[in-house]
$ cat upload.tsv   # TSV, C-alpha atoms and all ligand atoms
chain	number	residue	atom	x	y	z
A	1	MET	CA	-7.42	31.82	-12.01
A	2	LYS	CA	-7.96	29.08	-14.58
A	3	GLU	CA	-11.38	27.51	-15.17
A	4	ILE	CA	-12.72	24.86	-12.83
A	5	LEU	CA	-13.41	21.48	-14.37
A	6	GLN	CA	-15.52	20.37	-11.40
A	7	ASP	CA	-18.08	23.03	-12.40
A	8	MET	CA	-19.08	20.89	-15.34
A	9	SER	CA	-21.96	18.46	-15.59
A	10	TYR	CA	-21.37	15.02	-17.07
A	11	ASP	CA	-22.81	16.16	-20.42
A	12	GLU	CA	-20.48	19.15	-20.45
A	13	LEU	CA	-17.50	16.91	-19.73
A	14	GLN	CA	-18.49	14.75	-22.70
A	15	SER	CA	-18.68	17.74	-25.05
A	16	LEU	CA	-15.36	19.00	-23.73
A	17	VAL	CA	-13.62	15.68	-24.29
A	18	LEU	CA	-15.05	15.43	-27.82
A	19	SER	CA	-14.00	19.01	-28.59
A	20	LEU	CA	-10.45	18.08	-27.59
A	21	GLY	CA	-10.53	15.32	-30.21
A	22	GLU	CA	-10.82	12.45	-27.73
A	23	LYS	CA	-13.23	9.52	-27.62
A	24	LYS	CA	-16.40	9.79	-25.56
A	25	PHE	CA	-15.39	7.13	-23.04
A	26	ARG	CA	-12.66	9.45	-21.78
A	27	ALA	CA	-15.43	11.55	-20.22
A	28	ALA	CA	-16.44	8.60	-18.03
A	29	GLN	CA	-12.83	8.14	-16.91
A	30	LEU	CA	-12.41	11.83	-16.29
A	31	SER	CA	-15.66	12.06	-14.32
A	32	ALA	CA	-14.78	8.97	-12.26
A	33	GLY	CA	-11.34	10.39	-11.43
A	34	LEU	CA	-12.73	13.76	-10.39
A	35	THR	CA	-15.45	12.11	-8.31
A	36	GLN	CA	-12.72	10.13	-6.54
A	37	GLY	CA	-11.25	13.49	-5.50
A	38	LYS	CA	-8.20	13.21	-7.74
A	39	LYS	CA	-6.26	16.10	-9.21
A	40	ILE	CA	-6.40	16.14	-13.02
A	41	SER	CA	-2.71	15.28	-13.07
A	42	GLU	CA	-3.38	12.21	-10.89
A	43	ILE	CA	-6.02	10.53	-13.05
A	44	SER	CA	-4.01	7.56	-14.24
A	45	THR	CA	-6.58	6.24	-16.72
A	46	LEU	CA	-6.22	9.33	-18.94
A	47	PRO	CA	-3.47	9.71	-21.56
A	48	GLY	CA	-0.81	12.28	-20.71
A	49	SER	CA	-1.58	14.33	-23.81
A	50	LEU	CA	-5.20	14.84	-22.70
A	51	LYS	CA	-4.14	15.78	-19.20
A	52	GLU	CA	-1.76	18.37	-20.62
A	53	LYS	CA	-4.53	19.91	-22.69
A	54	LEU	CA	-6.84	19.99	-19.69
A	55	LEU	CA	-4.22	21.55	-17.45
A	56	GLU	CA	-3.67	24.42	-19.87
A	57	ARG	CA	-7.23	25.51	-19.28
A	58	PHE	CA	-8.28	24.11	-15.90
A	59	GLU	CA	-7.05	24.19	-12.31
A	60	ASP	CA	-5.38	20.93	-11.33
A	61	ALA	CA	-7.00	21.02	-7.89
A	62	PRO	CA	-9.32	23.98	-7.21
A	63	VAL	CA	-9.72	23.25	-3.49
A	64	GLN	CA	-6.96	21.91	-1.29
A	65	ILE	CA	-7.02	20.91	2.35
A	66	ARG	CA	-4.70	23.29	4.09
A	67	GLU	CA	-5.28	22.34	7.72
A	68	ARG	CA	-7.28	19.81	9.66
A	69	PHE	CA	-8.39	20.00	13.27
A	70	THR	CA	-9.95	17.12	15.16
A	71	SER	CA	-12.24	17.77	18.10
A	72	ALA	CA	-12.41	15.60	21.21
A	73	ASP	CA	-15.90	14.53	20.02
A	74	GLY	CA	-14.55	13.32	16.65
A	75	THR	CA	-15.82	16.32	14.67
A	76	GLU	CA	-13.28	17.52	12.16
A	77	LYS	CA	-12.80	20.98	10.86
A	78	PHE	CA	-11.01	21.65	7.59
A	79	LEU	CA	-9.45	24.82	6.34
A	80	PHE	CA	-9.32	24.78	2.53
A	81	SER	CA	-7.38	27.04	0.22
A	82	LEU	CA	-8.71	28.06	-3.18
A	83	SER	CA	-6.69	28.71	-6.33
A	84	ASP	CA	-6.72	32.46	-5.76
A	85	GLY	CA	-5.44	32.06	-2.20
A	86	ASN	CA	-8.79	32.63	-0.50
A	87	LEU	CA	-9.59	30.42	2.48
A	88	ILE	CA	-12.83	28.65	3.30
A	89	GLU	CA	-13.77	26.16	5.95
A	90	GLY	CA	-15.89	23.10	6.41
A	91	VAL	CA	-16.78	20.54	9.05
A	92	ALA	CA	-17.20	16.77	8.93
A	93	MET	CA	-19.34	15.25	11.66
A	94	ARG	CA	-19.31	11.51	12.28
A	95	TYR	CA	-22.62	9.86	13.07
A	96	LYS	CA	-23.66	6.22	13.26
A	97	TYR	CA	-25.04	6.27	9.71
A	98	GLY	CA	-22.04	7.98	8.14
A	99	VAL	CA	-20.42	11.36	7.79
A	100	THR	CA	-22.23	14.65	7.34
A	101	GLN	CA	-20.13	17.35	5.76
A	102	CYS	CA	-20.90	21.02	6.18
A	103	VAL	CA	-19.76	23.08	3.20
A	104	SER	CA	-19.28	26.78	2.46
A	105	THR	CA	-20.94	28.47	-0.51
A	106	GLN	CA	-19.21	31.85	-0.38
A	107	VAL	CA	-15.95	33.35	0.85
A	108	GLY	CA	-17.35	35.48	3.68
A	109	CYS	CA	-20.99	36.57	3.62
A	110	ARG	CA	-22.91	39.81	3.20
A	111	MET	CA	-25.97	38.96	5.27
A	112	GLY	CA	-24.59	40.62	8.39
A	113	CYS	CA	-26.18	38.42	11.13
A	114	SER	CA	-25.03	39.84	14.45
A	115	PHE	CA	-24.02	36.49	16.00
A	116	CYS	CA	-22.11	35.03	13.06
A	117	ALA	CA	-18.36	35.07	12.41
A	118	SER	CA	-18.66	34.43	8.65
A	119	THR	CA	-19.97	37.88	7.93
A	120	LEU	CA	-17.38	39.85	9.91
A	121	GLY	CA	-15.39	40.88	6.83
A	122	GLY	CA	-18.37	40.99	4.46
A	123	LEU	CA	-18.60	39.04	1.21
A	124	VAL	CA	-15.29	38.43	-0.57
A	125	ARG	CA	-16.65	36.37	-3.46
A	126	ASN	CA	-19.03	33.63	-4.49
A	127	LEU	CA	-17.73	30.08	-4.80
A	128	THR	CA	-18.27	28.30	-8.08
A	129	ALA	CA	-20.28	25.06	-8.17
A	130	GLY	CA	-17.05	23.13	-8.58
A	131	GLU	CA	-15.47	24.78	-5.56
A	132	ILE	CA	-18.48	23.78	-3.46
A	133	LEU	CA	-18.33	20.23	-4.84
A	134	SER	CA	-14.56	19.92	-4.43
A	135	GLN	CA	-14.81	20.48	-0.67
A	136	ILE	CA	-16.77	17.23	-0.52
A	137	LEU	CA	-14.68	15.31	-3.04
A	138	THR	CA	-11.39	16.08	-1.25
A	139	VAL	CA	-12.66	15.22	2.22
A	140	ASN	CA	-14.44	12.10	0.94
A	141	ALA	CA	-11.22	10.90	-0.70
A	142	LEU	CA	-9.19	11.55	2.42
A	143	LEU	CA	-11.63	9.73	4.71
A	144	LEU	CA	-11.94	6.79	2.30
A	145	ALA	CA	-8.18	6.42	2.09
A	146	GLU	CA	-7.91	6.49	5.87
A	147	ASN	CA	-10.71	3.94	6.30
A	148	ALA	CA	-9.03	1.66	3.76
A	149	LYS	CA	-5.70	2.00	5.52
A	150	LYS	CA	-7.30	0.97	8.81
A	151	GLU	CA	-8.84	-2.04	7.09
A	152	GLY	CA	-5.60	-2.81	5.25
A	153	GLY	CA	-6.89	-2.48	1.66
A	154	MET	CA	-7.61	-0.03	-1.13
A	155	PRO	CA	-10.76	2.13	-1.11
A	156	ALA	CA	-13.57	0.38	-2.98
A	157	LYS	CA	-14.22	1.97	-6.36
A	158	ASN	CA	-17.57	3.60	-5.76
A	159	ALA	CA	-17.34	3.79	-1.99
A	160	ARG	CA	-18.58	6.84	-0.20
A	161	ALA	CA	-17.40	8.17	3.14
A	162	VAL	CA	-19.38	11.41	3.07
A	163	THR	CA	-23.03	10.37	3.04
A	164	ASN	CA	-24.82	13.62	3.89
A	165	ILE	CA	-24.27	17.27	3.06
A	166	VAL	CA	-25.40	20.43	4.79
A	167	LEU	CA	-24.99	23.83	3.16
A	168	MET	CA	-24.41	25.52	6.49
A	169	GLY	CA	-20.82	26.66	6.26
A	170	SER	CA	-19.83	30.21	5.45
A	171	GLY	CA	-22.04	32.12	3.06
A	172	GLU	CA	-25.68	32.33	2.10
A	173	PRO	CA	-26.38	29.62	-0.50
A	174	LEU	CA	-29.40	31.41	-1.99
A	175	ASP	CA	-27.33	34.60	-2.39
A	176	ASN	CA	-25.12	32.49	-4.71
A	177	TYR	CA	-28.11	30.87	-6.34
A	178	ALA	CA	-26.88	29.75	-9.77
A	179	ALA	CA	-23.70	28.11	-8.46
A	180	THR	CA	-25.57	26.47	-5.60
A	181	VAL	CA	-28.18	24.94	-7.90
A	182	ARG	CA	-25.52	23.81	-10.37
A	183	PHE	CA	-23.66	22.20	-7.48
A	184	LEU	CA	-26.85	20.45	-6.30
A	185	ARG	CA	-27.48	19.07	-9.79
A	186	ASN	CA	-23.93	17.81	-10.18
A	187	VAL	CA	-23.57	16.28	-6.72
A	188	THR	CA	-26.87	14.40	-7.04
A	189	ALA	CA	-26.16	13.19	-10.60
A	190	PRO	CA	-25.75	9.40	-10.76
A	191	GLU	CA	-22.65	9.79	-13.00
A	192	GLY	CA	-21.01	11.83	-10.24
A	193	ALA	CA	-21.11	11.57	-6.45
A	194	GLY	CA	-24.75	10.45	-6.66
A	195	ILE	CA	-25.75	11.77	-3.24
A	196	SER	CA	-29.52	11.80	-2.88
A	197	ALA	CA	-31.25	15.17	-2.50
A	198	ARG	CA	-32.86	13.69	0.61
A	199	ASN	CA	-29.43	13.56	2.22
A	200	ILE	CA	-28.74	17.22	1.51
A	201	SER	CA	-29.89	20.17	3.61
A	202	LEU	CA	-29.78	23.74	2.41
A	203	SER	CA	-29.89	26.42	5.08
A	204	THR	CA	-30.96	29.97	4.28
A	205	CYS	CA	-31.40	33.10	6.34
A	206	GLY	CA	-34.72	33.45	4.51
A	207	LEU	CA	-34.38	34.88	1.00
A	208	ALA	CA	-38.04	34.21	0.30
A	209	ASP	CA	-37.98	34.90	-3.46
A	210	ARG	CA	-35.18	32.41	-3.96
A	211	MET	CA	-36.99	29.86	-1.81
A	212	TYR	CA	-39.79	29.92	-4.40
A	213	ASP	CA	-37.22	29.47	-7.18
A	214	LEU	CA	-35.63	26.52	-5.40
A	215	ALA	CA	-39.01	24.80	-5.07
A	216	GLN	CA	-39.20	24.75	-8.90
A	217	GLU	CA	-35.79	23.18	-9.55
A	218	GLY	CA	-36.82	19.59	-9.09
A	219	ILE	CA	-34.06	18.93	-6.54
A	220	PRO	CA	-36.00	18.22	-3.34
A	221	VAL	CA	-33.32	18.98	-0.75
A	222	ASN	CA	-34.23	19.57	2.88
A	223	LEU	CA	-34.91	23.27	3.25
A	224	THR	CA	-33.89	24.87	6.53
A	225	VAL	CA	-34.57	28.46	7.48
A	226	SER	CA	-32.55	30.27	10.12
A	227	LEU	CA	-35.34	31.93	12.08
A	228	HIS	CA	-33.76	32.89	15.42
A	229	ALA	CA	-36.62	35.23	16.39
A	230	THR	CA	-40.38	35.16	16.69
A	231	ASP	CA	-41.30	38.61	15.45
A	232	ASP	CA	-39.95	40.84	12.72
A	233	GLU	CA	-38.76	43.60	15.00
A	234	GLU	CA	-36.66	41.27	17.13
A	235	ARG	CA	-35.45	39.49	14.04
A	236	ARG	CA	-34.28	42.74	12.45
A	237	ARG	CA	-32.16	43.39	15.53
A	238	ILE	CA	-30.01	40.32	14.91
A	239	MET	CA	-30.57	39.64	11.19
A	240	PRO	CA	-30.48	42.58	8.75
A	241	VAL	CA	-32.09	40.36	6.07
A	242	ALA	CA	-35.32	40.60	8.10
A	243	ARG	CA	-35.66	44.10	6.66
A	244	ALA	CA	-36.13	42.56	3.23
A	245	TRP	CA	-38.40	39.63	4.11
A	246	SER	CA	-40.94	39.27	6.91
A	247	ILE	CA	-41.47	36.09	8.89
A	248	GLU	CA	-44.90	35.83	7.26
A	249	GLN	CA	-43.38	35.95	3.77
A	250	ILE	CA	-40.83	33.33	4.77
A	251	LEU	CA	-43.51	31.00	6.17
A	252	LYS	CA	-45.48	31.35	2.92
A	253	ALA	CA	-42.39	30.41	0.95
A	254	CYS	CA	-41.94	27.37	3.23
A	255	GLU	CA	-45.54	26.31	2.63
A	256	ASN	CA	-44.98	26.58	-1.10
A	257	TYR	CA	-41.81	24.48	-0.80
A	258	PHE	CA	-43.82	21.79	0.96
A	259	GLU	CA	-46.57	21.89	-1.67
A	260	LYS	CA	-44.13	21.67	-4.57
A	261	THR	CA	-41.71	19.09	-3.16
A	262	GLY	CA	-43.69	17.18	-0.54
A	263	ARG	CA	-40.80	17.72	1.85
A	264	ARG	CA	-41.36	19.03	5.33
A	265	TYR	CA	-39.17	21.98	6.20
A	266	TYR	CA	-36.91	22.87	9.09
A	267	PHE	CA	-36.07	25.87	11.20
A	268	GLU	CA	-32.79	26.65	12.89
A	269	TYR	CA	-33.28	28.56	16.11
A	270	THR	CA	-30.09	29.68	17.83
A	271	LEU	CA	-30.69	30.25	21.53
A	272	ILE	CA	-29.17	33.57	22.59
A	273	ALA	CA	-29.28	34.64	26.25
A	274	GLY	CA	-31.57	37.58	26.90
A	275	GLU	CA	-32.62	37.77	23.21
A	276	ASN	CA	-34.90	34.98	22.09
A	277	SER	CA	-35.11	32.12	24.58
A	278	ASP	CA	-37.55	32.83	27.41
A	279	ASP	CA	-41.00	31.26	27.87
A	280	ALA	CA	-42.76	34.02	25.95
A	281	HIS	CA	-40.55	33.34	22.94
A	282	ALA	CA	-41.27	29.62	23.12
A	283	ASP	CA	-44.98	30.41	23.16
A	284	ALA	CA	-44.68	32.82	20.26
A	285	LEU	CA	-42.78	30.19	18.28
A	286	ILE	CA	-45.52	27.65	18.99
A	287	GLY	CA	-48.03	30.20	17.72
A	288	LEU	CA	-46.11	30.66	14.48
A	289	LEU	CA	-45.40	27.02	13.71
A	290	LYS	CA	-48.17	24.91	15.23
A	291	GLY	CA	-49.80	22.56	12.73
A	292	ARG	CA	-47.12	23.11	10.09
A	293	PRO	CA	-45.18	20.17	8.60
A	294	CYS	CA	-41.91	21.35	10.10
A	295	HIS	CA	-39.22	20.56	12.63
A	296	VAL	CA	-37.24	22.98	14.80
A	297	ASN	CA	-33.54	22.51	15.45
A	298	LEU	CA	-32.48	24.43	18.52
A	299	ILE	CA	-28.84	25.16	19.08
A	300	ARG	CA	-27.22	27.17	21.83
A	301	LEU	CA	-25.19	30.01	20.41
A	302	ASN	CA	-21.55	29.23	19.82
A	303	LYS	CA	-19.74	32.10	21.43
A	304	VAL	CA	-17.86	34.15	18.84
A	305	SER	CA	-15.12	36.22	20.42
A	306	GLU	CA	-15.78	39.25	18.18
A	307	ARG	CA	-19.43	39.29	19.18
A	308	ALA	CA	-21.05	40.42	22.43
A	309	LEU	CA	-23.88	37.85	22.47
A	310	SER	CA	-23.87	34.80	24.79
A	311	PRO	CA	-25.53	31.40	24.65
A	312	THR	CA	-28.66	30.62	26.67
A	313	GLU	CA	-27.83	28.50	29.74
A	314	GLU	CA	-28.15	24.78	29.13
A	315	LYS	CA	-30.97	24.39	31.65
A	316	ALA	CA	-32.97	27.18	30.06
A	317	ALA	CA	-32.36	25.64	26.62
A	318	TYR	CA	-33.90	22.33	27.77
A	319	ARG	CA	-36.80	24.25	29.27
A	320	PHE	CA	-37.37	25.99	25.91
A	321	LEU	CA	-37.29	22.61	24.15
A	322	ALA	CA	-39.75	21.03	26.60
A	323	ARG	CA	-42.13	23.96	26.21
A	324	LEU	CA	-42.08	23.66	22.41
A	325	GLU	CA	-42.72	19.93	22.58
A	326	LYS	CA	-45.56	20.38	25.03
A	327	GLY	CA	-47.01	22.92	22.63
A	328	GLY	CA	-47.06	20.33	19.83
A	329	ILE	CA	-43.91	21.36	17.98
A	330	SER	CA	-41.45	18.74	16.78
A	331	ALA	CA	-38.06	19.93	17.98
A	332	THR	CA	-34.56	18.85	18.98
A	333	LEU	CA	-31.80	20.55	20.89
A	334	ARG	CA	-28.67	19.85	18.92
A	335	ARG	CA	-25.42	19.03	20.58
A	336	GLN	CA	-22.78	21.65	20.10
A	337	MET	CA	-20.25	19.70	18.11
A	338	GLY	CA	-16.67	20.73	17.77
A	339	ALA	CA	-16.99	23.71	20.12
A	340	ASP	CA	-13.33	23.23	21.09
A	341	ILE	CA	-12.17	23.66	17.48
A	342	GLY	CA	-14.13	26.76	16.51
A	343	GLY	CA	-17.12	24.80	15.22
A	344	ALA	CA	-19.34	27.79	14.48
A	345	CYS	CA	-19.58	29.29	11.03
A	346	GLY	CA	-16.60	31.31	9.99
A	347	GLN	CA	-14.80	31.01	13.30
A	348	LEU	CA	-11.89	29.08	11.94
A	349	ARG	CA	-11.31	31.34	8.96
A	350	ALA	CA	-11.75	34.45	11.11
A	351	GLY	CA	-9.30	33.10	13.68
A	352	TYR	CA	-6.88	32.03	10.99
A	353	LEU	CA	-7.02	35.34	9.18
A	354	SER	CA	-6.45	37.30	12.37
A	355	SER	CA	-3.54	35.10	13.45
A	356	ALA	CA	-2.13	35.29	9.92
A	357	ALA	CA	-2.53	39.06	10.07
A	358	ALA	CA	-0.84	39.08	13.46
A	359	GLU	CA	2.06	37.08	12.05
A	360	LYS	CA	2.38	39.45	9.11
A	361	ILE	CA	2.47	42.43	11.42
A	362	ALA	CA	5.08	40.70	13.57
A	363	GLU	CA	7.01	39.87	10.40
A	364	SER	CA	6.95	43.45	9.09
A	365	GLY	CA	7.97	44.64	12.55
A	366	LYS	CA	11.02	42.40	12.37
A	367	ASN	CA	11.91	43.68	8.91
A	368	GLY	CA	11.51	47.24	10.11
A	369	ALA	CA	13.97	46.55	12.92
A	370	LYS	CA	16.64	45.36	10.52
B	1	LIG	N1	-26.50	31.56	5.47
B	1	LIG	C1	-27.18	30.36	5.80
B	1	LIG	C2	-26.26	29.18	6.08
B	1	LIG	C3	-25.03	29.39	6.91
B	1	LIG	S1	-25.18	29.57	8.62
B	1	LIG	C4	-28.13	30.58	6.94
B	1	LIG	O1	-28.18	31.70	7.45
B	1	LIG	O2	-28.86	29.68	7.28
B	1	LIG	C5	-25.67	28.02	9.26
B	1	LIG	C6	-26.40	28.17	10.59
B	1	LIG	O3	-25.52	28.50	11.67
B	1	LIG	C7	-27.45	29.26	10.56
B	1	LIG	O4	-28.62	28.81	11.18
B	1	LIG	C8	-26.79	30.35	11.37
B	1	LIG	O5	-27.72	31.25	11.84
B	1	LIG	C9	-26.07	29.55	12.42
B	1	LIG	N2	-25.02	30.25	13.15
B	1	LIG	C10	-24.18	31.20	12.72
B	1	LIG	N3	-23.36	31.61	13.69
B	1	LIG	C11	-23.69	30.90	14.79
B	1	LIG	C12	-23.21	30.87	16.13
B	1	LIG	N4	-22.24	31.68	16.52
B	1	LIG	N5	-23.79	30.01	16.99
B	1	LIG	C13	-24.79	29.19	16.58
B	1	LIG	N6	-25.28	29.15	15.34
B	1	LIG	C14	-24.75	30.02	14.45
$ encode --input "upload.tsv" --output "structure tokens"
Amino acid sequence: MKEILQDMSYDELQSLVLSLGEKKFRAAQLSAGLTQGKKISEISTLPGSLKEKLLERFEDAPVQIRERFTSADGTEKFLFSLSDGNLIEGVAMRYKYGVTQCVSTQVGCRMGCSFCASTLGGLVRNLTAGEILSQILTVNALLLAENAKKEGGMPAKNARAVTNIVLMGSGEPLDNYAATVRFLRNVTAPEGAGISARNISLSTCGLADRMYDLAQEGIPVNLTVSLHATDDEERRRIMPVARAWSIEQILKACENYFEKTGRRYYFEYTLIAGENSDDAHADALIGLLKGRPCHVNLIRLNKVSERALSPTEEKAAYRFLARLEKGGISATLRRQMGADIGGACGQLRAGYLSSAAAEKIAESGKNGAK
């Protein structure tokens, strides 16, 4: 694999351009082209000789959209291929205010949560900052081009289709800390995509030490913790990471995040039938979170075929929500978006890999028959 140009900050692009014997203003053109989601070879403002030099060292397009699925509710799921042939996935959700894109930070995951499809094959590798960024740049470019086509013009120069980002795709962002932080710096930089940290949410299964580190970075993203249980023993049953960090340690790290950044924090709570969603759990959650500057996002489990767990019934989910609210907790029950297209983490890649594997087996069977 060649190097990835989208890993670089604006300053690094400037040094690179100068080291290649070019004028400084080429860095601005290069950065603008990359931010518009272009391949290096497609950036028409750059001289051919510079592009040739760049292509000797860097991938022309580190992330490419391989497939696109559109749900009945407008949610879109993308399967991306990386330069080394690995596959990752992402989701774009359309809201009134714009498009929120969910990105992956790793190929696979090693956290081992019992309800999640991303972790089925373990961790394959970390993504680089540029591979995380390129998921957004490619989808943004595609959506902008489609919007412009509908309106019969060209995309405006600094227009943005993707307005919000959630790091909730495959992988644990804080387990790939350096690349994640580099990505956050580059995507918020005014010379690049310029997306405000306030419009970015980072979801973690609760790596408390890294949550302290993140609070010091000066990038006040919305911090979301996947809680999914109200005591450590129950949490350990579904989330192996609970063996490393207790709920108490996680809550302390959240408090620190609030003190350092002034941002309230969020919890994801996936409602799993028979596991974590009866009245006693709601009361325990109230006990843990009451009076804290936080918000709880409830979501009914997306059924993953490889997993035995089932979602809480819809009625019981609303009951859980009402009980939290009555207990003074700010909470929402999120719609399950894109359930018909494998909306849950890792489902698409898992499904794709198994059907690809099935095809391969069928293929080798055919060859064997020859
Ligand atoms: N590793 C990070 C981010 C990726 S997962 C984290 O754990 O937060 C994003 C969210 O989707 C997490 O809250 C995760 O617990 C949840 N999730 C995973 N599989 C799910 C499923 N099958 N149904 C509902 N939510 C799921």
$ residues_near_ligand --input "upload.tsv" --ligand "ligand LIG 1 (chain B)" --cutoff "6 Å" --atoms "all atoms listed in the file" --output "list in words"
Phe115, Cys116, Met168, Gly169, Ser170, Gly171, Glu172, Ser203, Thr204, Cys205, Val225, Ser226, Glu268, Thr270, Leu301, Asn302, Lys303, Val304, Ala344 and Cys345 of chain A
$ residues_around --input "upload.tsv" --residues "His281 (chain A)" --least-positions-apart "5" --cutoff "10 Å" --atoms "all atoms listed in the file" --output "mmCIF file with C-alpha atoms, keeping the file's coordinate frame"
data_model
loop_
_atom_site.group_PDB
_atom_site.id
_atom_site.type_symbol
_atom_site.label_atom_id
_atom_site.label_comp_id
_atom_site.auth_asym_id
_atom_site.auth_seq_id
_atom_site.Cartn_x
_atom_site.Cartn_y
_atom_site.Cartn_z
ATOM 1 C CA ALA A 229 -36.620 35.230 16.390
ATOM 2 C CA THR A 230 -40.380 35.160 16.690
ATOM 3 C CA ASP A 231 -41.300 38.610 15.450
ATOM 4 C CA GLU A 275 -32.620 37.770 23.210
ATOM 5 C CA ASN A 276 -34.900 34.980 22.090
ATOM 6 C CA ILE A 286 -45.520 27.650 18.990
ATOM 7 C CA GLY A 287 -48.030 30.200 17.720
ATOM 8 C CA PHE A 320 -37.370 25.990 25.910
ATOM 9 C CA LEU A 324 -42.080 23.660 22.410
#
$ closest_residue --input "upload.tsv" --among "A:Val63, A:Leu13, A:Glu234, A:Arg26" --to "Thr45 (chain A)" --atoms "all atoms listed in the file"
A:Arg26
$ closest_residue --input "upload.tsv" --among "A:Ala317, A:Cys254, A:Ile165, A:Ala189" --to "Ser9 (chain A)" --atoms "all atoms listed in the file"
A:Ala189
$ residues_around --input "upload.tsv" --residues "Ala331 (chain A)" --least-positions-apart "5" --cutoff "9 Å" --atoms "all atoms listed in the file" --output "JSON, numbers by chain"
{"A": [294, 295, 296, 297, 298, 321, 322, 324, 325]}
$ atom_distance --input "upload.tsv" --atom1 "CA of Ser31 (chain A)" --atom2 "CA of Thr75 (chain A)"
29.3 Å
$ closest_residue --input "upload.tsv" --among "A:Ala253, A:Leu309, A:Ala72, A:Ala197" --to "Leu271 (chain A)" --atoms "all atoms listed in the file"
A:Leu309
$ atom_distance --input "upload.tsv" --atom1 "CA of Ile299 (chain A)" --atom2 "CA of Leu251 (chain A)"
20.4 Å
$ closest_residue --input "upload.tsv" --among "A:Asp73, A:Glu12, A:Asp279, A:Glu306" --to "Met93 (chain A)" --atoms "all atoms listed in the file"
A:Asp73
$ residues_around --input "upload.tsv" --residues "Glu248 (chain A)" --least-positions-apart "6" --cutoff "12 Å" --atoms "all atoms listed in the file" --output "ChimeraX atom specification"
/A:206,208,227,230-232,242,254-255,288-289
$ closest_residue --input "upload.tsv" --among "A:Pro173, A:Gly130, A:Gly48, A:Gly122" --to "Leu82 (chain A)" --atoms "only C-alpha atoms"
A:Gly130
$ closest_residue --input "upload.tsv" --among "A:Gly194, A:Pro293, A:Gly37, A:Ala28" --to "Gln14 (chain A)" --atoms "only C-alpha atoms"
A:Ala28
$ build_atoms --input "upload.tsv" --residues "region 214-224 of chain A" --atoms "N, CA, C and O atoms" --output "mmCIF file, in the frame of the given file"
data_model
loop_
_atom_site.group_PDB
_atom_site.id
_atom_site.type_symbol
_atom_site.label_atom_id
_atom_site.label_comp_id
_atom_site.auth_asym_id
_atom_site.auth_seq_id
_atom_site.Cartn_x
_atom_site.Cartn_y
_atom_site.Cartn_z
ATOM 1 N N LEU A 214 -36.192 27.834 -5.729
ATOM 2 C CA LEU A 214 -35.630 26.520 -5.400
ATOM 3 C C LEU A 214 -36.701 25.423 -5.468
ATOM 4 O O LEU A 214 -36.424 24.298 -5.907
ATOM 5 N N ALA A 215 -37.907 25.778 -5.051
ATOM 6 C CA ALA A 215 -39.010 24.800 -5.070
ATOM 7 C C ALA A 215 -39.291 24.299 -6.485
ATOM 8 O O ALA A 215 -39.834 23.213 -6.672
ATOM 9 N N GLN A 216 -38.916 25.100 -7.495
ATOM 10 C CA GLN A 216 -39.200 24.750 -8.900
ATOM 11 C C GLN A 216 -38.087 23.944 -9.569
ATOM 12 O O GLN A 216 -38.219 23.580 -10.732
ATOM 13 N N GLU A 217 -36.963 23.756 -8.879
ATOM 14 C CA GLU A 217 -35.790 23.180 -9.550
ATOM 15 C C GLU A 217 -35.851 21.674 -9.712
ATOM 16 O O GLU A 217 -35.040 21.087 -10.426
ATOM 17 N N GLY A 218 -36.765 21.043 -8.995
ATOM 18 C CA GLY A 218 -36.820 19.590 -9.090
ATOM 19 C C GLY A 218 -35.681 18.886 -8.363
ATOM 20 O O GLY A 218 -35.279 17.781 -8.728
ATOM 21 N N ILE A 219 -35.096 19.558 -7.384
ATOM 22 C CA ILE A 219 -34.060 18.930 -6.540
ATOM 23 C C ILE A 219 -34.566 19.046 -5.103
ATOM 24 O O ILE A 219 -34.300 20.036 -4.423
ATOM 25 N N PRO A 220 -35.317 18.053 -4.630
ATOM 26 C CA PRO A 220 -36.000 18.220 -3.340
ATOM 27 C C PRO A 220 -35.089 18.051 -2.125
ATOM 28 O O PRO A 220 -35.198 17.093 -1.367
ATOM 29 N N VAL A 221 -34.196 19.011 -1.945
ATOM 30 C CA VAL A 221 -33.320 18.980 -0.750
ATOM 31 C C VAL A 221 -34.142 19.393 0.470
ATOM 32 O O VAL A 221 -35.230 19.957 0.343
ATOM 33 N N ASN A 222 -33.594 19.109 1.648
ATOM 34 C CA ASN A 222 -34.230 19.570 2.880
ATOM 35 C C ASN A 222 -33.980 21.062 3.014
ATOM 36 O O ASN A 222 -32.829 21.499 3.004
ATOM 37 N N LEU A 223 -35.049 21.810 3.137
ATOM 38 C CA LEU A 223 -34.910 23.270 3.250
ATOM 39 C C LEU A 223 -34.988 23.676 4.711
ATOM 40 O O LEU A 223 -35.934 23.318 5.420
ATOM 41 N N THR A 224 -33.975 24.407 5.140
ATOM 42 C CA THR A 224 -33.890 24.870 6.530
ATOM 43 C C THR A 224 -33.805 26.379 6.547
ATOM 44 O O THR A 224 -33.014 26.952 5.799
#
